[in-house]
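The data block below is run.txt; it holds compact mmCIF, C-alpha atoms (C1' of nucleotides).
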```txt
# COMPACT_ATOMS: atom_id res chain seq x y z
CA MET U 1 102.54 21.34 -24.19
CA ASP U 2 100.97 24.79 -23.94
CA GLN U 3 98.47 23.35 -21.51
CA LYS U 4 100.87 24.60 -18.86
CA ILE U 5 100.52 28.16 -20.08
CA VAL U 6 96.74 27.83 -20.20
CA ASP U 7 96.70 26.68 -16.58
CA GLN U 8 99.08 29.42 -15.51
CA THR U 9 96.93 32.04 -17.18
CA LYS U 10 93.84 30.68 -15.51
CA SER U 11 95.30 30.63 -12.01
CA GLY U 12 96.95 33.99 -12.55
CA SER U 13 93.72 35.62 -13.63
CA GLN U 14 92.00 34.06 -10.65
CA ASN U 15 94.65 35.49 -8.34
CA LEU U 16 94.19 38.89 -9.92
CA GLY U 17 90.45 38.52 -9.38
CA GLN U 18 91.12 37.60 -5.76
CA LEU U 19 93.29 40.68 -5.37
CA MET U 20 90.59 42.89 -6.80
CA MET U 21 88.08 41.44 -4.37
CA LEU U 22 90.37 41.97 -1.40
CA LEU U 23 91.14 45.54 -2.41
CA GLN U 24 87.46 46.27 -2.79
CA ARG U 25 86.73 44.79 0.62
CA LEU U 26 89.50 46.88 2.17
CA GLU U 27 87.89 50.06 0.90
CA LYS U 28 84.42 49.21 2.10
CA HIS U 29 84.20 50.29 5.71
CA PRO U 30 84.68 53.63 7.46
CA HIS U 31 87.99 54.30 9.17
CA THR U 32 89.29 57.03 11.41
CA PHE U 33 91.98 59.26 9.96
CA GLY U 34 93.84 61.85 12.02
CA GLU U 35 91.74 64.33 13.93
CA ALA U 36 88.72 63.66 11.75
CA GLY U 37 86.22 61.15 13.09
CA PRO U 38 85.43 57.99 11.14
CA LEU U 39 85.27 58.67 7.41
CA THR U 40 83.49 56.59 4.80
CA PRO U 41 85.56 55.40 1.84
CA SER U 42 84.09 58.01 -0.47
CA GLU U 43 84.75 60.76 2.07
CA ILE U 44 88.45 59.98 2.43
CA HIS U 45 88.64 59.38 -1.30
CA THR U 46 87.27 62.87 -1.90
CA ILE U 47 89.69 64.42 0.58
CA ASP U 48 92.45 62.61 -1.24
CA ALA U 49 91.31 64.06 -4.55
CA ILE U 50 91.19 67.60 -3.19
CA GLY U 51 94.75 67.36 -1.97
CA VAL U 52 96.79 69.71 0.16
CA GLU U 53 98.42 71.74 -2.61
CA LYS U 54 95.67 74.21 -3.45
CA GLY U 55 91.92 74.50 -3.87
CA VAL U 56 90.00 72.62 -6.54
CA LEU U 57 86.84 73.51 -8.46
CA MET U 58 83.76 71.34 -7.96
CA SER U 59 83.80 70.36 -11.62
CA GLU U 60 87.48 69.41 -11.50
CA LEU U 61 86.69 67.23 -8.52
CA ALA U 62 83.84 65.56 -10.39
CA ASN U 63 86.31 64.90 -13.15
CA ARG U 64 88.97 63.40 -10.90
CA LEU U 65 86.51 61.16 -9.10
CA GLN U 66 84.56 60.36 -12.26
CA VAL U 67 81.16 61.11 -10.79
CA THR U 68 78.48 63.68 -11.62
CA LYS U 69 78.50 67.26 -10.36
CA GLY U 70 75.45 66.47 -8.26
CA ALA U 71 77.33 63.73 -6.43
CA ILE U 72 80.15 66.15 -5.66
CA THR U 73 77.77 68.77 -4.29
CA GLN U 74 76.31 66.18 -1.95
CA ILE U 75 79.56 64.86 -0.58
CA ILE U 76 81.10 68.32 -0.21
CA VAL U 77 78.07 69.45 1.81
CA ARG U 78 78.68 66.53 4.14
CA LEU U 79 82.43 67.19 4.41
CA GLU U 80 81.74 70.87 5.07
CA GLU U 81 79.36 69.97 7.88
CA LYS U 82 82.15 67.86 9.35
CA ASN U 83 84.53 70.82 9.05
CA LEU U 84 86.91 68.97 6.77
CA VAL U 85 86.60 71.25 3.73
CA VAL U 86 85.62 74.84 2.97
CA ARG U 87 83.96 76.32 -0.09
CA THR U 88 85.17 79.75 -1.17
CA PRO U 89 83.85 81.70 -4.17
CA ASN U 90 86.22 81.82 -7.11
CA PRO U 91 87.31 85.47 -7.60
CA ALA U 92 88.05 84.80 -11.27
CA ASP U 93 84.63 83.33 -12.11
CA SER U 94 81.64 83.81 -9.88
CA ARG U 95 79.86 80.72 -11.15
CA SER U 96 82.44 78.40 -9.67
CA VAL U 97 83.44 77.39 -6.19
CA ILE U 98 86.86 76.52 -4.84
CA VAL U 99 86.99 73.63 -2.42
CA SER U 100 89.96 73.23 -0.11
CA LEU U 101 90.89 71.30 3.01
CA THR U 102 90.65 72.77 6.49
CA PRO U 103 93.44 71.93 8.97
CA LYS U 104 91.27 69.05 10.14
CA GLY U 105 90.89 67.92 6.53
CA ILE U 106 94.63 68.14 5.99
CA SER U 107 95.21 66.01 9.05
CA ALA U 108 92.90 63.35 7.61
CA PHE U 109 94.74 63.56 4.28
CA ARG U 110 98.11 63.08 5.96
CA ALA U 111 96.87 60.22 8.09
CA HIS U 112 95.50 58.45 5.04
CA GLU U 113 98.74 59.01 3.17
CA GLU U 114 100.59 57.49 6.09
CA VAL U 115 98.37 54.40 6.08
CA ARG U 116 99.03 53.87 2.38
CA LEU U 117 102.75 54.35 2.81
CA HIS U 118 102.90 52.01 5.76
CA PHE U 119 101.04 49.35 3.83
CA TYR U 120 103.31 49.69 0.85
CA ARG U 121 106.51 49.72 2.92
CA GLU U 122 105.36 46.52 4.60
CA LEU U 123 104.86 44.91 1.20
CA ARG U 124 108.25 46.10 -0.06
CA SER U 125 109.98 44.69 2.98
CA GLN U 126 109.01 41.23 1.77
CA LEU U 127 110.46 41.66 -1.70
CA THR U 128 113.92 41.98 -3.19
CA ASP U 129 114.93 45.18 -4.97
CA GLN U 130 114.61 43.48 -8.32
CA GLU U 131 111.18 42.15 -7.48
CA ILE U 132 110.03 45.59 -6.38
CA GLU U 133 111.20 47.11 -9.62
CA ILE U 134 109.37 44.56 -11.74
CA PHE U 135 106.27 44.75 -9.58
CA GLU U 136 106.06 48.52 -9.99
CA LYS U 137 106.52 48.16 -13.72
CA CYS U 138 103.69 45.64 -13.83
CA ILE U 139 101.39 47.87 -11.83
CA GLU U 140 102.04 50.73 -14.21
CA LYS U 141 101.36 48.50 -17.20
CA LEU U 142 98.19 47.32 -15.53
CA CYS U 143 97.13 50.93 -14.97
CA THR U 144 97.73 52.07 -18.54
CA HIS U 145 96.05 48.91 -19.70
CA LEU U 146 92.98 49.66 -17.57
CA ARG U 147 92.81 53.25 -18.75
CA LYS U 148 92.48 52.23 -22.43
CA MET A 149 120.89 58.74 0.42
CA ASP A 150 117.74 56.87 1.41
CA GLN A 151 115.74 59.81 0.09
CA LYS A 152 115.58 57.80 -3.10
CA ILE A 153 113.86 54.92 -1.34
CA VAL A 154 111.43 57.29 0.32
CA ASP A 155 110.48 58.76 -3.04
CA GLN A 156 110.17 55.33 -4.62
CA THR A 157 107.91 54.17 -1.83
CA LYS A 158 105.78 57.25 -2.20
CA SER A 159 105.33 56.94 -5.95
CA GLY A 160 104.84 53.20 -5.67
CA SER A 161 102.11 53.56 -3.10
CA GLN A 162 100.49 56.20 -5.27
CA ASN A 163 100.55 53.84 -8.22
CA LEU A 164 98.97 51.16 -6.13
CA GLY A 165 96.31 53.68 -5.10
CA GLN A 166 95.78 54.54 -8.77
CA LEU A 167 95.37 50.87 -9.56
CA MET A 168 92.79 50.47 -6.84
CA MET A 169 90.85 53.43 -8.20
CA LEU A 170 90.92 52.07 -11.74
CA LEU A 171 89.82 48.63 -10.61
CA GLN A 172 86.97 50.12 -8.66
CA ARG A 173 85.89 52.17 -11.64
CA LEU A 174 86.06 49.12 -13.89
CA GLU A 175 83.71 47.22 -11.61
CA LYS A 176 81.20 50.01 -11.32
CA HIS A 177 78.91 49.71 -14.31
CA PRO A 178 76.68 46.93 -15.60
CA HIS A 179 77.95 44.75 -18.45
CA THR A 180 76.40 42.10 -20.60
CA PHE A 181 77.68 38.56 -20.15
CA GLY A 182 76.67 35.69 -22.42
CA GLU A 183 72.95 35.10 -22.85
CA ALA A 184 72.17 37.03 -19.70
CA GLY A 185 71.19 40.65 -20.17
CA PRO A 186 73.21 43.45 -18.56
CA LEU A 187 74.33 42.46 -15.08
CA THR A 188 75.35 44.81 -12.29
CA PRO A 189 78.78 44.24 -10.71
CA SER A 190 77.28 42.60 -7.65
CA GLU A 191 75.13 40.33 -9.77
CA ILE A 192 78.03 38.94 -11.80
CA HIS A 193 80.11 38.81 -8.66
CA THR A 194 77.47 36.64 -7.02
CA ILE A 195 77.25 34.36 -10.05
CA ASP A 196 81.01 34.06 -9.88
CA ALA A 197 80.83 33.05 -6.23
CA ILE A 198 78.20 30.40 -6.87
CA GLY A 199 80.32 28.75 -9.52
CA VAL A 200 79.52 25.97 -11.96
CA GLU A 201 80.74 23.03 -9.92
CA LYS A 202 77.79 22.43 -7.64
CA GLY A 203 75.16 24.25 -5.60
CA VAL A 204 76.03 26.48 -2.66
CA LEU A 205 74.13 27.26 0.54
CA MET A 206 72.96 30.83 1.12
CA SER A 207 75.12 31.10 4.23
CA GLU A 208 78.20 29.85 2.38
CA LEU A 209 77.54 32.50 -0.25
CA ALA A 210 77.26 35.21 2.40
CA ASN A 211 80.58 33.99 3.69
CA ARG A 212 82.31 34.04 0.33
CA LEU A 213 81.03 37.49 -0.54
CA GLN A 214 81.46 38.80 3.00
CA VAL A 215 78.01 40.32 3.27
CA THR A 216 75.04 39.61 5.53
CA LYS A 217 72.53 36.83 4.94
CA GLY A 218 69.90 39.48 4.25
CA ALA A 219 71.95 40.90 1.41
CA ILE A 220 72.26 37.43 -0.13
CA THR A 221 68.52 36.81 0.08
CA GLN A 222 67.90 40.06 -1.76
CA ILE A 223 70.35 39.51 -4.59
CA ILE A 224 69.34 35.85 -5.05
CA VAL A 225 65.69 36.90 -5.38
CA ARG A 226 66.73 39.26 -8.16
CA LEU A 227 68.90 36.65 -9.90
CA GLU A 228 66.09 34.12 -9.65
CA GLU A 229 63.67 36.57 -11.28
CA LYS A 230 66.18 36.94 -14.09
CA ASN A 231 66.36 33.14 -14.43
CA LEU A 232 70.06 33.01 -13.69
CA VAL A 233 69.90 30.92 -10.53
CA VAL A 234 67.54 28.41 -8.89
CA ARG A 235 66.87 27.73 -5.25
CA THR A 236 66.30 24.08 -4.30
CA PRO A 237 65.59 22.83 -0.79
CA ASN A 238 68.47 20.96 0.82
CA PRO A 239 67.40 17.31 1.29
CA ALA A 240 69.92 16.93 4.12
CA ASP A 241 68.73 19.94 6.13
CA SER A 242 65.37 21.53 5.53
CA ARG A 243 66.41 24.88 7.01
CA SER A 244 68.85 25.52 4.24
CA VAL A 245 68.57 26.29 0.56
CA ILE A 246 70.89 25.29 -2.24
CA VAL A 247 71.53 27.89 -4.89
CA SER A 248 72.84 26.89 -8.27
CA LEU A 249 73.23 28.39 -11.72
CA THR A 250 70.74 27.80 -14.52
CA PRO A 251 72.09 27.26 -18.04
CA LYS A 252 71.64 30.98 -18.57
CA GLY A 253 73.59 31.64 -15.36
CA ILE A 254 76.34 29.29 -16.46
CA SER A 255 76.60 31.12 -19.74
CA ALA A 256 77.08 34.38 -17.85
CA PHE A 257 79.71 32.74 -15.64
CA ARG A 258 81.63 31.47 -18.66
CA ALA A 259 81.44 34.79 -20.43
CA HIS A 260 82.77 36.59 -17.39
CA GLU A 261 85.56 34.05 -17.01
CA GLU A 262 86.46 34.65 -20.62
CA VAL A 263 86.64 38.42 -20.10
CA ARG A 264 88.99 37.96 -17.18
CA LEU A 265 91.17 35.51 -19.07
CA HIS A 266 91.31 37.76 -22.08
CA PHE A 267 92.34 40.69 -19.92
CA TYR A 268 95.02 38.70 -18.18
CA ARG A 269 96.38 37.20 -21.41
CA GLU A 270 96.65 40.68 -22.85
CA LEU A 271 98.63 41.80 -19.81
CA ARG A 272 100.91 38.77 -19.96
CA SER A 273 101.66 39.38 -23.61
CA GLN A 274 103.40 42.58 -22.59
CA LEU A 275 105.66 40.91 -20.06
CA THR A 276 108.59 38.49 -20.20
CA ASP A 277 108.29 35.07 -18.63
CA GLN A 278 110.44 36.14 -15.73
CA GLU A 279 108.38 39.26 -15.16
CA ILE A 280 105.19 37.24 -15.17
CA GLU A 281 106.58 34.88 -12.60
CA ILE A 282 107.59 37.69 -10.26
CA PHE A 283 104.35 39.54 -10.82
CA GLU A 284 102.29 36.51 -9.84
CA LYS A 285 104.41 36.03 -6.77
CA CYS A 286 103.84 39.68 -5.80
CA ILE A 287 100.11 39.38 -6.29
CA GLU A 288 100.01 36.35 -4.04
CA LYS A 289 102.06 38.15 -1.37
CA LEU A 290 99.74 41.12 -1.67
CA CYS A 291 96.72 38.85 -1.24
CA THR A 292 98.02 37.08 1.86
CA HIS A 293 99.09 40.45 3.18
CA LEU A 294 95.58 41.85 2.69
CA ARG A 295 93.94 38.85 4.28
CA LYS A 296 95.87 39.30 7.58
C1' DC F 297 72.58 91.74 -27.28
C1' DT F 298 70.82 87.53 -27.32
C1' DA F 299 71.67 82.47 -27.43
C1' DA F 300 74.35 78.85 -25.97
C1' DA F 301 77.53 76.82 -22.82
C1' DA F 302 79.51 76.03 -18.34
C1' DG F 303 79.43 75.76 -13.06
C1' DG F 304 76.67 74.37 -9.30
C1' DT F 305 72.55 72.96 -6.80
C1' DT F 306 68.28 70.48 -5.99
C1' DT F 307 65.23 66.70 -6.23
C1' DA F 308 63.52 62.27 -6.85
C1' DG F 309 64.83 57.72 -7.64
C1' DT F 310 68.01 53.50 -7.62
C1' DA F 311 71.51 49.81 -6.13
C1' DA F 312 73.58 47.69 -2.64
C1' DC F 313 73.98 47.19 1.20
C1' DT F 314 73.23 46.75 7.10
C1' DA F 315 70.95 45.80 11.47
C1' DA F 316 67.41 43.94 13.85
C1' DA F 317 63.35 41.38 14.44
C1' DC F 318 61.36 37.24 12.95
C1' DT F 319 60.20 32.07 11.59
C1' DA F 320 61.39 27.40 11.21
C1' DA F 321 64.34 23.54 11.70
C1' DA F 322 68.22 21.16 13.90
C1' DA F 323 71.43 20.34 17.77
C1' DA F 324 72.68 20.34 22.42
C1' DC F 325 71.51 19.62 27.06
C1' DA F 326 70.03 17.62 31.17
C1' DT P 327 62.38 12.88 26.17
C1' DG P 328 61.34 17.63 26.30
C1' DT P 329 63.29 22.11 26.44
C1' DT P 330 66.66 25.45 25.27
C1' DT P 331 69.92 27.19 22.11
C1' DT P 332 71.85 27.58 17.76
C1' DT P 333 71.70 27.85 12.87
C1' DA P 334 69.52 28.97 8.18
C1' DG P 335 67.10 32.02 5.87
C1' DT P 336 63.66 35.96 5.23
C1' DT P 337 61.65 40.50 5.96
C1' DT P 338 61.65 45.29 6.93
C1' DA P 339 63.17 49.79 7.56
C1' DG P 340 66.94 52.72 7.05
C1' DT P 341 71.66 54.31 5.05
C1' DT P 342 75.27 55.49 1.62
C1' DA P 343 76.53 56.65 -2.63
C1' DC P 344 75.41 57.45 -6.26
C1' DT P 345 72.55 59.09 -11.26
C1' DA P 346 69.55 61.80 -14.22
C1' DA P 347 67.06 65.62 -15.05
C1' DA P 348 65.36 70.08 -14.14
C1' DC P 349 66.84 74.29 -12.59
C1' DC P 350 69.49 78.81 -11.54
C1' DT P 351 73.49 81.85 -12.54
C1' DT P 352 77.21 83.52 -14.77
C1' DT P 353 80.18 83.60 -18.75
C1' DT P 354 81.25 83.22 -23.55
C1' DA P 355 80.18 83.36 -28.54
C1' DG P 356 78.06 84.72 -32.53
```
Translate the structure described by the file into structure tokens.
Amino acid sequence: MDQKIVDQTKSGSQNLGQLMMLLQRLEKHPHTFGEAGPLTPSEIHTIDAIGVEKGVLMSELANRLQVTKGAITQIIVRLEEKNLVVRTPNPADSRSVIVSLTPKGISAFRAHEEVRLHFYRELRSQLTDQEIEIFEKCIEKLCTHLRK
Amino acid sequence: MDQKIVDQTKSGSQNLGQLMMLLQRLEKHPHTFGEAGPLTPSEIHTIDAIGVEKGVLMSELANRLQVTKGAITQIIVRLEEKNLVVRTPNPADSRSVIVSLTPKGISAFRAHEEVRLHFYRELRSQLTDQEIEIFEKCIEKLCTHLRK
DNA sequence: CTAAAAGGTTTAGTAACTAAACTAAAAACA
DNA sequence: TGTTTTTAGTTTAGTTACTAAACCTTTTAG
């Protein structure tokens, strides 16, 4: 009777596990984005977290990426050497440092955004409007569920 | 007009990015499974890939986990030291080695399976039957899409 | 005005790899 | 059959992406 549900749950959770594995694998190797040379996953991830809007403090970045301040210092040094970000002193508080993207960094950000969008558009093209709606809802649920 | 679709695609791809980040974060720290002590993500992942059915060759394991043979040797040495796996010579081919789970390893496998199932059941409980069906379909599409 | 907190950096150490050189056994070939 | 090539696995040295802890500087609080 409810053996069917048990089996469904099992295969569904396995599929979800599969998906997680594939996503992880996707984000494992360096890729070239825009004018920037090949960037490691954590480099492009950091650029993504800085964003194009305005500068970010080191500590805010550590917060967004959920790593220690020391880790941020290290990766920002590397990105600065590659001319993808700049560090400017914060006029409002001389302890802190504002990190922002250089034009080259912005180009990498845009290129990465484009890759994501392309991927997602491709996926959407294979689904009906109703399916898309439900899928997005599920992803959001999954996210809130993971954040707990 | 189709500005709406553009915006939807953008937010959807951002949600998917969010999901990827959360999944990555989830699989970042060691956890305790069954009788085994705390296991790192790659340790439990390897145990998962070995499975309870029957032994696996080192090379098959490298294949499943998509890492080099050297990486497998290293992690299997560690898992063997922790008494979670055993290496037995392959009677059919003396070059190769069969890896299989010890009772302690099996207990970790089961515990991990249970965590996944619990997580997935929880998610399902928040969705209607129809939503579940569509969600699973989307996950499968996403998987095949990622494997391309 | 001093003590504590907050922002960053530095250093040493770890996990999880890779690439390349290596050994041994099995398969292919000629 | 004997030799070459391939396959299975190991070893080693080096890399990336961290963490934890000690350390400066400023800023904020009592």
- Task: Might you pull out every residue within 7 Å of region 331-346 of chain P, with all atoms listed in the file counted and same-chain residues fewer than 3 positions away left off, and present them as a PyMOL selection string?
- Result: (chain U and resi 71) or (chain A and resi 243-244)
- Message: When you look at region 156-158 of chain A with a cut-off of 10 Å (counting all atoms listed in the file), what residues show up, excluding the ones that are within fewer than 6 positions of it in the same chain? I need them as a VMD selection string.
- Response: (chain U and resid 113 to 114 116 to 118 120 to 121 124 132 to 133 136) or (chain A and resid 150 164)
Check which residues of chain A sit at most 9 Å from chain P using all atoms listed in the file, and return one row each with the closest pair of atoms and their distance in Å to one decimal, ordered by chain and rising number, as JSON lines.
```
{"residue": "A:Met206", "atom": "CA", "partner": "P:DG335", "partner_atom": "C1'", "distance": 7.6}
{"residue": "A:Ser207", "atom": "CA", "partner": "P:DA334", "partner_atom": "C1'", "distance": 7.2}
{"residue": "A:Lys217", "atom": "CA", "partner": "P:DG335", "partner_atom": "C1'", "distance": 7.3}
{"residue": "A:Gly218", "atom": "CA", "partner": "P:DT336", "partner_atom": "C1'", "distance": 7.2}
{"residue": "A:Thr221", "atom": "CA", "partner": "P:DT336", "partner_atom": "C1'", "distance": 7.1}
{"residue": "A:Ser242", "atom": "CA", "partner": "P:DA334", "partner_atom": "C1'", "distance": 8.9}
{"residue": "A:Arg243", "atom": "CA", "partner": "P:DA334", "partner_atom": "C1'", "distance": 5.3}
{"residue": "A:Ser244", "atom": "CA", "partner": "P:DA334", "partner_atom": "C1'", "distance": 5.3}
{"residue": "A:Val245", "atom": "CA", "partner": "P:DG335", "partner_atom": "C1'", "distance": 7.9}
```
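Using only C-alpha atoms for every distance, the candidate list A:Glu191, A:Leu271, A:Lys230, A:Asn211 yields A:Leu271 as the residue closest to chain U.
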- How far is it from CA of Glu288 (chain A) to CA of Gly12 (chain U), in Å with one decimal? 9.3 Å
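Coordinates place CA of Glu201 (chain A) at a distance of 18.7 Å from CA of Ala240 (chain A).
One distance worth recording is that between CA of Ile198 (chain A) and CA of Arg212 (chain A), which is 9.1 Å.
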- Message: Env of Cys143 (chain U): 10 Å cut, atoms = only C-alpha atoms (C1' of nucleotides), seq-sep filter 3 positions within chain, self excluded. Answer as a PyMOL selection string.
- Response: (chain U and resi 137-140+146-148) or (chain A and resi 163-164+166-171)
- Query: Between F:DT314, F:DT298, F:DT305, F:DT319, which has the minimum distance to chain A (counting only C-alpha atoms (C1' of nucleotides))?
  - Reply: F:DT314
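Close contacts of Glu208 (chain A), defined as residues with an atom at most 10 Å away when counting only C-alpha atoms (C1' of nucleotides), with chain neighbours fewer than 5 positions off set aside, comprise A:Ala197, A:Ile198, A:Leu213, A:Gln214, A:Lys217, A:Ile220, A:Ile246.
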Final N, CA and C atoms of region 206-226 of chain A as a CSV table (one decimal), in the coordinates of the input:
```csv
chain,number,residue,atom,x,y,z
A,206,MET,N,73.0,29.4,1.0
A,206,MET,CA,73.0,30.8,1.1
A,206,MET,C,74.0,31.3,2.1
A,207,SER,N,74.2,30.6,3.2
A,207,SER,CA,75.1,31.1,4.2
A,207,SER,C,76.6,31.0,3.7
A,208,GLU,N,76.9,30.0,2.9
A,208,GLU,CA,78.2,29.8,2.4
A,208,GLU,C,78.5,31.0,1.4
A,209,LEU,N,77.4,31.4,0.7
A,209,LEU,CA,77.5,32.5,-0.2
A,209,LEU,C,77.8,33.8,0.5
A,210,ALA,N,77.1,34.0,1.6
A,210,ALA,CA,77.3,35.2,2.4
A,210,ALA,C,78.7,35.3,2.9
A,211,ASN,N,79.2,34.1,3.2
A,211,ASN,CA,80.6,34.0,3.7
A,211,ASN,C,81.6,34.4,2.6
A,212,ARG,N,81.4,33.8,1.4
A,212,ARG,CA,82.3,34.0,0.3
A,212,ARG,C,82.3,35.5,-0.1
A,213,LEU,N,81.1,36.1,-0.1
A,213,LEU,CA,81.0,37.5,-0.5
A,213,LEU,C,81.2,38.5,0.6
A,214,GLN,N,81.3,38.0,1.8
A,214,GLN,CA,81.5,38.8,3.0
A,214,GLN,C,80.4,39.9,3.1
A,215,VAL,N,79.1,39.4,3.0
A,215,VAL,CA,78.0,40.3,3.3
A,215,VAL,C,77.0,39.6,4.2
A,216,THR,N,76.0,40.3,4.6
A,216,THR,CA,75.0,39.6,5.5
A,216,THR,C,74.1,38.6,4.8
A,217,LYS,N,73.5,37.8,5.5
A,217,LYS,CA,72.5,36.8,4.9
A,217,LYS,C,71.4,37.6,4.2
A,218,GLY,N,71.0,38.7,4.8
A,218,GLY,CA,69.9,39.5,4.2
A,218,GLY,C,70.3,40.0,2.9
A,219,ALA,N,71.5,40.4,2.7
A,219,ALA,CA,72.0,40.9,1.4
A,219,ALA,C,71.9,39.8,0.4
A,220,ILE,N,72.3,38.6,0.8
A,220,ILE,CA,72.3,37.4,-0.1
A,220,ILE,C,70.8,37.1,-0.6
A,221,THR,N,69.9,37.1,0.4
A,221,THR,CA,68.5,36.8,0.1
A,221,THR,C,68.1,37.8,-1.0
A,222,GLN,N,68.4,39.0,-0.8
A,222,GLN,CA,67.9,40.1,-1.8
A,222,GLN,C,68.5,39.9,-3.2
A,223,ILE,N,69.8,39.6,-3.2
A,223,ILE,CA,70.4,39.5,-4.6
A,223,ILE,C,69.9,38.2,-5.3
A,224,ILE,N,69.7,37.1,-4.5
A,224,ILE,CA,69.3,35.8,-5.0
A,224,ILE,C,67.9,35.9,-5.6
A,225,VAL,N,67.1,36.7,-4.9
A,225,VAL,CA,65.7,36.9,-5.4
A,225,VAL,C,65.7,37.5,-6.8
A,226,ARG,N,66.6,38.5,-6.9
A,226,ARG,CA,66.7,39.3,-8.2
A,226,ARG,C,67.3,38.3,-9.3
```
